[in-house]
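Coordinates from work38.txt are shown below (compact mmCIF, N, CA and C atoms).
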# COMPACT_ATOMS: atom_id res chain seq x y z
N MET I 19 127.72 253.47 42.55
CA MET I 19 126.82 253.17 43.60
C MET I 19 127.54 253.34 44.93
N THR I 20 126.81 253.91 45.91
CA THR I 20 127.39 254.18 47.22
C THR I 20 127.14 252.98 48.12
N GLN I 21 128.16 252.60 48.88
CA GLN I 21 128.05 251.49 49.83
C GLN I 21 127.18 251.92 51.02
N PRO I 22 126.40 251.00 51.63
CA PRO I 22 125.55 251.37 52.76
C PRO I 22 126.38 251.78 53.98
N ASN I 23 127.54 251.23 54.16
CA ASN I 23 128.43 251.66 55.23
C ASN I 23 129.86 251.51 54.76
N ALA I 24 130.70 252.20 55.42
CA ALA I 24 132.09 252.19 55.00
C ALA I 24 132.76 250.88 55.32
N GLY I 25 132.14 250.11 56.21
CA GLY I 25 132.76 248.85 56.57
C GLY I 25 133.83 249.05 57.63
N MET I 26 134.28 247.97 58.19
CA MET I 26 135.27 248.06 59.26
C MET I 26 136.19 246.87 59.12
N LYS I 27 137.42 247.14 59.32
CA LYS I 27 138.40 246.06 59.28
C LYS I 27 138.44 245.37 60.65
N ASN I 28 138.89 244.14 60.70
CA ASN I 28 138.96 243.39 61.96
C ASN I 28 139.83 244.09 62.99
N ALA I 29 140.87 244.71 62.57
CA ALA I 29 141.78 245.38 63.49
C ALA I 29 141.12 246.58 64.15
N GLN I 30 140.08 247.13 63.57
CA GLN I 30 139.39 248.28 64.14
C GLN I 30 138.21 247.88 65.03
N ASP I 31 137.85 246.61 65.01
CA ASP I 31 136.75 246.13 65.85
C ASP I 31 137.18 246.18 67.31
N SER I 32 136.25 246.44 68.20
CA SER I 32 136.62 246.58 69.62
C SER I 32 136.66 245.25 70.35
N SER I 33 136.22 244.19 69.76
CA SER I 33 136.20 242.89 70.40
C SER I 33 137.59 242.28 70.40
N SER I 34 137.92 241.59 71.48
CA SER I 34 139.22 240.94 71.56
C SER I 34 139.32 239.75 70.61
N TYR I 35 138.17 239.19 70.24
CA TYR I 35 138.20 238.00 69.39
C TYR I 35 138.62 238.32 67.97
N THR I 36 138.32 239.52 67.54
CA THR I 36 138.66 239.87 66.16
C THR I 36 139.90 240.74 66.08
N ASN I 37 140.42 241.15 67.23
CA ASN I 37 141.62 241.98 67.24
C ASN I 37 142.84 241.05 67.25
N LEU I 38 143.67 241.20 66.28
CA LEU I 38 144.81 240.30 66.14
C LEU I 38 145.87 240.55 67.20
N HIS I 39 145.89 241.73 67.79
CA HIS I 39 146.96 242.09 68.71
C HIS I 39 146.54 242.00 70.18
N ALA I 40 145.36 241.45 70.49
CA ALA I 40 144.88 241.36 71.88
C ALA I 40 144.59 239.91 72.24
N ASN I 41 144.73 239.61 73.51
CA ASN I 41 144.45 238.27 74.02
C ASN I 41 142.97 238.20 74.42
N PRO I 42 142.16 237.33 73.81
CA PRO I 42 140.73 237.27 74.13
C PRO I 42 140.42 236.55 75.44
N GLN I 43 141.43 236.00 76.10
CA GLN I 43 141.19 235.22 77.31
C GLN I 43 140.59 236.07 78.44
N LEU I 44 141.03 237.29 78.62
CA LEU I 44 140.49 238.15 79.68
C LEU I 44 139.01 238.46 79.44
N GLU I 45 138.67 238.75 78.20
CA GLU I 45 137.27 239.02 77.88
C GLU I 45 136.41 237.77 78.10
N ARG I 46 136.95 236.65 77.71
CA ARG I 46 136.23 235.37 77.89
C ARG I 46 136.04 235.07 79.38
N ASN I 47 137.07 235.31 80.18
CA ASN I 47 136.95 235.08 81.63
C ASN I 47 135.92 236.00 82.26
N MET I 48 135.87 237.25 81.83
CA MET I 48 134.88 238.19 82.36
C MET I 48 133.47 237.75 81.98
N ALA I 49 133.28 237.30 80.76
CA ALA I 49 131.96 236.83 80.32
C ALA I 49 131.55 235.59 81.13
N ASN I 50 132.49 234.69 81.35
CA ASN I 50 132.19 233.50 82.15
C ASN I 50 131.85 233.86 83.59
N GLU I 51 132.58 234.84 84.15
CA GLU I 51 132.29 235.28 85.51
C GLU I 51 130.90 235.89 85.62
N MET I 52 130.51 236.69 84.64
CA MET I 52 129.18 237.29 84.64
C MET I 52 128.10 236.21 84.52
N GLN I 53 128.35 235.23 83.67
CA GLN I 53 127.40 234.13 83.53
C GLN I 53 127.27 233.36 84.85
N SER I 54 128.39 233.14 85.50
CA SER I 54 128.38 232.43 86.78
C SER I 54 127.59 233.21 87.82
N ILE I 55 127.79 234.53 87.89
CA ILE I 55 127.06 235.36 88.85
C ILE I 55 125.56 235.31 88.57
N GLN I 56 125.18 235.39 87.30
CA GLN I 56 123.76 235.35 86.95
C GLN I 56 123.14 234.01 87.30
N GLN I 57 123.80 232.94 86.94
CA GLN I 57 123.25 231.61 87.20
C GLN I 57 123.17 231.33 88.71
N ASN I 58 124.18 231.75 89.45
CA ASN I 58 124.14 231.55 90.90
C ASN I 58 123.05 232.40 91.54
N GLY I 59 122.82 233.59 91.00
CA GLY I 59 121.74 234.44 91.50
C GLY I 59 120.38 233.84 91.24
N ILE I 60 120.21 233.23 90.08
CA ILE I 60 118.93 232.60 89.73
C ILE I 60 118.64 231.42 90.65
N SER I 61 119.66 230.62 90.93
CA SER I 61 119.43 229.44 91.76
C SER I 61 119.49 229.75 93.25
N ALA I 62 120.00 230.93 93.64
CA ALA I 62 120.14 231.24 95.07
C ALA I 62 118.78 231.49 95.73
N ALA I 63 117.83 232.09 95.03
CA ALA I 63 116.53 232.41 95.64
C ALA I 63 115.79 231.16 96.10
N PRO I 64 115.61 230.14 95.25
CA PRO I 64 114.93 228.93 95.74
C PRO I 64 115.71 228.23 96.85
N GLN I 65 117.04 228.30 96.78
CA GLN I 65 117.83 227.66 97.83
C GLN I 65 117.63 228.37 99.16
N GLN I 66 117.58 229.69 99.14
CA GLN I 66 117.35 230.44 100.38
C GLN I 66 115.95 230.18 100.92
N ALA I 67 114.97 230.07 100.03
CA ALA I 67 113.60 229.77 100.47
C ALA I 67 113.55 228.38 101.12
N ALA I 68 114.20 227.41 100.50
CA ALA I 68 114.23 226.06 101.06
C ALA I 68 114.96 226.04 102.40
N ALA I 69 116.03 226.82 102.51
CA ALA I 69 116.76 226.89 103.78
C ALA I 69 115.88 227.51 104.87
N GLY I 70 115.11 228.53 104.53
CA GLY I 70 114.20 229.15 105.50
C GLY I 70 113.13 228.19 105.96
N ILE I 71 112.55 227.46 105.02
CA ILE I 71 111.53 226.46 105.37
C ILE I 71 112.14 225.38 106.26
N GLY I 72 113.35 224.96 105.92
CA GLY I 72 114.03 223.95 106.73
C GLY I 72 114.30 224.44 108.14
N GLN I 73 114.67 225.71 108.27
CA GLN I 73 114.94 226.27 109.58
C GLN I 73 113.66 226.34 110.42
N VAL I 74 112.55 226.75 109.81
CA VAL I 74 111.28 226.80 110.54
C VAL I 74 110.86 225.39 110.96
N THR I 75 111.01 224.43 110.06
CA THR I 75 110.67 223.04 110.38
C THR I 75 111.52 222.53 111.54
N ASN I 76 112.80 222.87 111.51
CA ASN I 76 113.72 222.45 112.57
C ASN I 76 113.30 223.06 113.91
N GLN I 77 112.95 224.33 113.92
CA GLN I 77 112.53 224.98 115.17
C GLN I 77 111.24 224.36 115.70
N LEU I 78 110.28 224.09 114.80
CA LEU I 78 109.03 223.45 115.24
C LEU I 78 109.29 222.06 115.80
N THR I 79 110.20 221.34 115.17
CA THR I 79 110.54 219.99 115.65
C THR I 79 111.18 220.06 117.02
N GLN I 80 112.08 221.02 117.22
CA GLN I 80 112.72 221.16 118.53
C GLN I 80 111.70 221.52 119.60
N GLN I 81 110.78 222.42 119.28
CA GLN I 81 109.75 222.82 120.24
C GLN I 81 108.85 221.63 120.57
N SER I 82 108.45 220.90 119.54
CA SER I 82 107.58 219.74 119.74
C SER I 82 108.29 218.67 120.57
N THR I 83 109.58 218.48 120.31
CA THR I 83 110.35 217.49 121.07
C THR I 83 110.44 217.89 122.53
N ALA I 84 110.67 219.19 122.78
CA ALA I 84 110.74 219.67 124.17
C ALA I 84 109.40 219.46 124.88
N GLU I 85 108.30 219.78 124.20
CA GLU I 85 106.98 219.57 124.80
C GLU I 85 106.71 218.09 125.06
N TYR I 86 107.14 217.25 124.12
CA TYR I 86 106.96 215.81 124.28
C TYR I 86 107.74 215.30 125.48
N LYS I 87 108.99 215.75 125.61
CA LYS I 87 109.81 215.30 126.74
C LYS I 87 109.22 215.78 128.07
N ALA I 88 108.69 217.01 128.08
CA ALA I 88 108.05 217.51 129.30
C ALA I 88 106.82 216.67 129.64
N GLN I 89 106.03 216.31 128.63
CA GLN I 89 104.84 215.48 128.85
C GLN I 89 105.23 214.10 129.36
N ILE I 90 106.27 213.52 128.79
CA ILE I 90 106.74 212.20 129.25
C ILE I 90 107.21 212.29 130.69
N GLY I 91 107.94 213.36 131.03
CA GLY I 91 108.39 213.54 132.42
C GLY I 91 107.23 213.65 133.37
N MET I 92 106.21 214.42 132.98
CA MET I 92 105.04 214.57 133.83
C MET I 92 104.32 213.22 133.98
N ASN I 93 104.18 212.48 132.89
CA ASN I 93 103.52 211.18 132.96
C ASN I 93 104.29 210.22 133.86
N ASN I 94 105.61 210.27 133.78
CA ASN I 94 106.42 209.41 134.66
C ASN I 94 106.25 209.80 136.11
N THR I 95 106.19 211.10 136.38
CA THR I 95 105.98 211.55 137.76
C THR I 95 104.62 211.10 138.27
N ILE I 96 103.61 211.24 137.44
CA ILE I 96 102.26 210.79 137.84
C ILE I 96 102.26 209.29 138.11
N ALA I 97 102.92 208.55 137.24
CA ALA I 97 102.98 207.09 137.43
C ALA I 97 103.71 206.74 138.72
N ASN I 98 104.78 207.47 139.03
CA ASN I 98 105.51 207.20 140.27
C ASN I 98 104.66 207.53 141.49
N VAL I 99 103.93 208.64 141.45
CA VAL I 99 103.07 209.01 142.57
C VAL I 99 101.95 207.98 142.73
N MET I 100 101.37 207.55 141.62
CA MET I 100 100.30 206.55 141.69
C MET I 100 100.83 205.24 142.27
N GLU I 101 102.02 204.87 141.87
CA GLU I 101 102.60 203.64 142.40
C GLU I 101 102.87 203.78 143.90
N ALA I 102 103.35 204.94 144.30
CA ALA I 102 103.66 205.16 145.72
C ALA I 102 102.39 205.21 146.57
N THR I 103 101.27 205.54 145.97
CA THR I 103 100.02 205.64 146.74
C THR I 103 99.11 204.43 146.53
N GLY I 104 99.67 203.31 146.18
CA GLY I 104 98.86 202.09 146.10
C GLY I 104 98.24 201.87 144.74
N ASN I 105 99.00 202.02 143.70
CA ASN I 105 98.56 201.74 142.33
C ASN I 105 97.32 202.53 141.92
N GLY I 106 97.25 203.75 142.37
CA GLY I 106 96.18 204.62 141.91
C GLY I 106 94.86 204.43 142.62
N ALA I 107 94.88 203.83 143.79
CA ALA I 107 93.62 203.63 144.52
C ALA I 107 92.98 204.97 144.86
N ALA I 108 93.81 205.95 145.21
CA ALA I 108 93.26 207.27 145.54
C ALA I 108 92.65 207.92 144.30
N THR I 109 93.29 207.75 143.18
CA THR I 109 92.76 208.33 141.94
C THR I 109 91.46 207.65 141.54
N MET I 110 91.41 206.33 141.72
CA MET I 110 90.18 205.61 141.37
C MET I 110 89.04 206.01 142.31
N GLU I 111 89.38 206.30 143.56
CA GLU I 111 88.34 206.70 144.50
C GLU I 111 87.79 208.08 144.16
N MET I 112 88.62 208.93 143.52
CA MET I 112 88.15 210.26 143.11
C MET I 112 86.99 210.13 142.12
N GLY I 113 86.96 209.06 141.34
CA GLY I 113 85.90 208.87 140.37
C GLY I 113 84.67 208.17 140.93
N ASN I 114 84.68 207.85 142.20
CA ASN I 114 83.56 207.14 142.83
C ASN I 114 82.37 208.09 142.93
N PRO I 115 81.25 207.78 142.26
CA PRO I 115 80.10 208.70 142.28
C PRO I 115 79.41 208.79 143.64
N VAL I 116 79.57 207.80 144.47
CA VAL I 116 78.94 207.81 145.78
C VAL I 116 79.56 208.90 146.66
N LEU I 117 80.87 209.08 146.55
CA LEU I 117 81.57 210.04 147.39
C LEU I 117 81.72 211.41 146.73
N ARG I 118 81.15 211.59 145.56
CA ARG I 118 81.35 212.84 144.82
C ARG I 118 80.78 214.05 145.56
N ASP I 119 79.56 213.94 146.05
CA ASP I 119 78.93 215.07 146.74
C ASP I 119 79.70 215.46 147.99
N LYS I 120 80.15 214.46 148.75
CA LYS I 120 80.93 214.75 149.95
C LYS I 120 82.23 215.45 149.59
N ARG I 121 82.87 214.98 148.53
CA ARG I 121 84.13 215.60 148.09
C ARG I 121 83.91 217.04 147.67
N MET I 122 82.84 217.28 146.90
CA MET I 122 82.55 218.64 146.44
C MET I 122 82.27 219.55 147.64
N ASN I 123 81.59 219.04 148.64
CA ASN I 123 81.33 219.82 149.84
C ASN I 123 82.64 220.14 150.57
N ASP I 124 83.49 219.13 150.70
CA ASP I 124 84.77 219.34 151.37
C ASP I 124 85.61 220.38 150.63
N ILE I 125 85.58 220.35 149.33
CA ILE I 125 86.34 221.33 148.54
C ILE I 125 85.77 222.72 148.75
N ALA I 126 84.47 222.85 148.74
CA ALA I 126 83.84 224.16 148.94
C ALA I 126 84.15 224.70 150.33
N VAL I 127 84.12 223.84 151.34
CA VAL I 127 84.42 224.26 152.71
C VAL I 127 85.88 224.71 152.80
N SER I 128 86.77 223.96 152.18
CA SER I 128 88.19 224.33 152.19
C SER I 128 88.42 225.67 151.50
N ARG I 129 87.73 225.90 150.41
CA ARG I 129 87.86 227.19 149.72
C ARG I 129 87.36 228.34 150.60
N ALA I 130 86.23 228.11 151.25
CA ALA I 130 85.67 229.16 152.10
C ALA I 130 86.61 229.45 153.27
N MET I 131 87.17 228.41 153.83
CA MET I 131 88.09 228.62 154.95
C MET I 131 89.37 229.30 154.46
N GLY I 132 89.81 228.96 153.28
CA GLY I 132 91.02 229.58 152.73
C GLY I 132 90.83 231.05 152.43
N SER I 133 89.60 231.45 152.11
CA SER I 133 89.33 232.86 151.83
C SER I 133 88.81 233.59 153.06
N MET I 134 89.03 233.00 154.25
CA MET I 134 88.66 233.59 155.53
C MET I 134 87.14 233.76 155.67
N GLN I 135 86.37 232.89 155.08
CA GLN I 135 84.93 232.90 155.25
C GLN I 135 84.58 231.76 156.21
N ALA I 136 83.40 231.76 156.68
CA ALA I 136 82.96 230.70 157.57
C ALA I 136 82.81 229.41 156.79
N ALA I 137 83.06 228.30 157.46
CA ALA I 137 82.97 227.00 156.79
C ALA I 137 81.57 226.72 156.29
N GLU I 138 80.55 227.18 157.03
CA GLU I 138 79.18 226.92 156.59
C GLU I 138 78.85 227.66 155.30
N LEU I 139 79.56 228.76 155.02
CA LEU I 139 79.36 229.44 153.74
C LEU I 139 79.80 228.56 152.57
N GLY I 140 80.84 227.79 152.81
CA GLY I 140 81.27 226.84 151.77
C GLY I 140 80.18 225.83 151.49
N GLN I 141 79.49 225.40 152.55
CA GLN I 141 78.38 224.48 152.39
C GLN I 141 77.28 225.12 151.57
N ILE I 142 76.97 226.39 151.86
CA ILE I 142 75.94 227.11 151.14
C ILE I 142 76.32 227.28 149.68
N GLN I 143 77.58 227.63 149.44
CA GLN I 143 78.04 227.79 148.06
C GLN I 143 77.98 226.47 147.30
N ALA I 144 78.36 225.40 147.95
CA ALA I 144 78.31 224.11 147.29
C ALA I 144 76.88 223.74 146.92
N GLU I 145 75.94 223.99 147.83
CA GLU I 145 74.56 223.67 147.54
C GLU I 145 73.99 224.59 146.46
N ALA I 146 74.40 225.85 146.48
CA ALA I 146 73.92 226.78 145.45
C ALA I 146 74.46 226.36 144.09
N GLY I 147 75.69 225.89 144.06
CA GLY I 147 76.26 225.42 142.79
C GLY I 147 75.61 224.14 142.32
N ARG I 148 75.18 223.34 143.25
CA ARG I 148 74.59 222.04 142.91
C ARG I 148 73.20 222.23 142.31
N TYR I 149 72.40 223.17 142.86
CA TYR I 149 71.02 223.32 142.44
C TYR I 149 70.80 224.51 141.53
N GLY I 150 71.78 225.37 141.37
CA GLY I 150 71.49 226.59 140.67
C GLY I 150 72.14 226.67 139.37
Structure re-expressed in structure tokens:
Amino acid sequence: MTQPNAGMKNAQDSSSYTNLHANPQLERNMANEMQSIQQNGISAAPQQAAAGIGQVTNQLTQQSTAEYKAQIGMNNTIANVMEATGNGAATMEMGNPVLRDKRMNDIAVSRAMGSMQAAELGQIQAEAGRYG
């Protein structure tokens, strides 16, 4: 009966583990290095995605903080101006409905004068805006 293959002795095998005259440590180190590269590559993608999300979040936080600080500065300036002008009496008077029409007329006249038009045209524009 014929054998299915001639067979191979351990000394003829190409693996370092079965070769009696070779040190298998180099092959083992190379296999471990390849495994390390593969595992690090698998875990690197989610880590990079998380780092990108963190960077975007950080930039949005910095922008929001800058806007908040600007708003606080503006509010402090407004509060200082209101305090300097009598605790906001001028601002409260702006909301007075009795003086609203006069104020609107004064604004229209000032605009007309600023655009080199006659002051009475500002009066006409104000009335046209009021009724039209």
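Between CA of Lys87 in chain I and CA of Met112 in chain I the interatomic distance comes to 27.6 Å.
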Item to check | Between atom N of Ala146 in chain I and atom C of Ala130 in chain I - distance in Å to one decimal | outcome: 14.4 Å
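From atom N of Ala84 in chain I back to atom C of Ala63 in chain I, the distance works out to 29.7 Å.
With only C-alpha atoms as the atoms that count, the minimum distance from Ala126 in chain I to the choices I:Pro64, I:Glu145, I:Pro42, I:Thr103 is reached by I:Glu145.
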Kindly list the centre and edge lengths in Å, rounded to one decimal, for the axis-aligned box that covers all listed atoms of range 80-93 of chain I plus 3 Å on each of its six sides, as lines of an AutoDock Vina configuration file.
center_x = 108.1
center_y = 216.5
center_z = 125.6
size_x = 15.2
size_y = 18.6
size_z = 22.8
Where atoms are missing, can you supply all heavy atoms for range 62-73 of chain I and output the lot as a compact mmCIF listing (two decimals), in the coordinates of the input?
# COMPACT_ATOMS: atom_id res chain seq x y z
N ALA I 62 120.00 230.93 93.64
CA ALA I 62 120.14 231.24 95.07
C ALA I 62 118.78 231.49 95.73
O ALA I 62 118.60 231.13 96.90
CB ALA I 62 121.04 232.45 95.26
N ALA I 63 117.83 232.09 95.03
CA ALA I 63 116.53 232.41 95.64
C ALA I 63 115.79 231.16 96.10
O ALA I 63 115.35 231.10 97.26
CB ALA I 63 115.69 233.24 94.67
N PRO I 64 115.61 230.14 95.25
CA PRO I 64 114.93 228.93 95.74
C PRO I 64 115.71 228.23 96.85
O PRO I 64 115.12 227.66 97.77
CB PRO I 64 114.82 228.03 94.51
CG PRO I 64 115.03 228.91 93.34
CD PRO I 64 115.84 230.06 93.81
N GLN I 65 117.04 228.30 96.78
CA GLN I 65 117.83 227.66 97.83
C GLN I 65 117.63 228.37 99.16
O GLN I 65 117.52 227.72 100.20
CB GLN I 65 119.32 227.67 97.44
CG GLN I 65 119.66 226.74 96.30
CD GLN I 65 121.10 226.90 95.82
OE1 GLN I 65 121.82 227.77 96.29
NE2 GLN I 65 121.50 226.07 94.88
N GLN I 66 117.58 229.69 99.14
CA GLN I 66 117.35 230.44 100.38
C GLN I 66 115.95 230.18 100.92
O GLN I 66 115.76 230.07 102.14
CB GLN I 66 117.56 231.94 100.14
CG GLN I 66 118.99 232.32 99.87
CD GLN I 66 119.90 232.03 101.04
OE1 GLN I 66 119.50 232.16 102.19
NE2 GLN I 66 121.11 231.61 100.77
N ALA I 67 114.97 230.07 100.03
CA ALA I 67 113.60 229.77 100.47
C ALA I 67 113.55 228.38 101.12
O ALA I 67 112.93 228.20 102.17
CB ALA I 67 112.63 229.84 99.30
N ALA I 68 114.20 227.41 100.50
CA ALA I 68 114.23 226.06 101.06
C ALA I 68 114.96 226.04 102.40
O ALA I 68 114.54 225.36 103.33
CB ALA I 68 114.91 225.10 100.08
N ALA I 69 116.03 226.82 102.51
CA ALA I 69 116.76 226.89 103.78
C ALA I 69 115.88 227.51 104.87
O ALA I 69 115.89 227.05 106.02
CB ALA I 69 118.04 227.70 103.61
N GLY I 70 115.11 228.53 104.53
CA GLY I 70 114.20 229.15 105.50
C GLY I 70 113.13 228.19 105.96
O GLY I 70 112.82 228.10 107.15
N ILE I 71 112.55 227.46 105.02
CA ILE I 71 111.53 226.46 105.37
C ILE I 71 112.14 225.38 106.26
O ILE I 71 111.53 224.96 107.24
CB ILE I 71 110.91 225.87 104.09
CG1 ILE I 71 110.07 226.92 103.38
CG2 ILE I 71 110.07 224.64 104.42
CD1 ILE I 71 109.60 226.51 102.00
N GLY I 72 113.35 224.96 105.92
CA GLY I 72 114.03 223.95 106.73
C GLY I 72 114.30 224.44 108.14
O GLY I 72 114.16 223.69 109.12
N GLN I 73 114.67 225.71 108.27
CA GLN I 73 114.94 226.27 109.58
C GLN I 73 113.66 226.34 110.42
O GLN I 73 113.67 226.00 111.61
CB GLN I 73 115.55 227.66 109.44
CG GLN I 73 116.02 228.26 110.74
CD GLN I 73 116.72 229.59 110.54
OE1 GLN I 73 116.68 230.16 109.46
NE2 GLN I 73 117.34 230.09 111.58
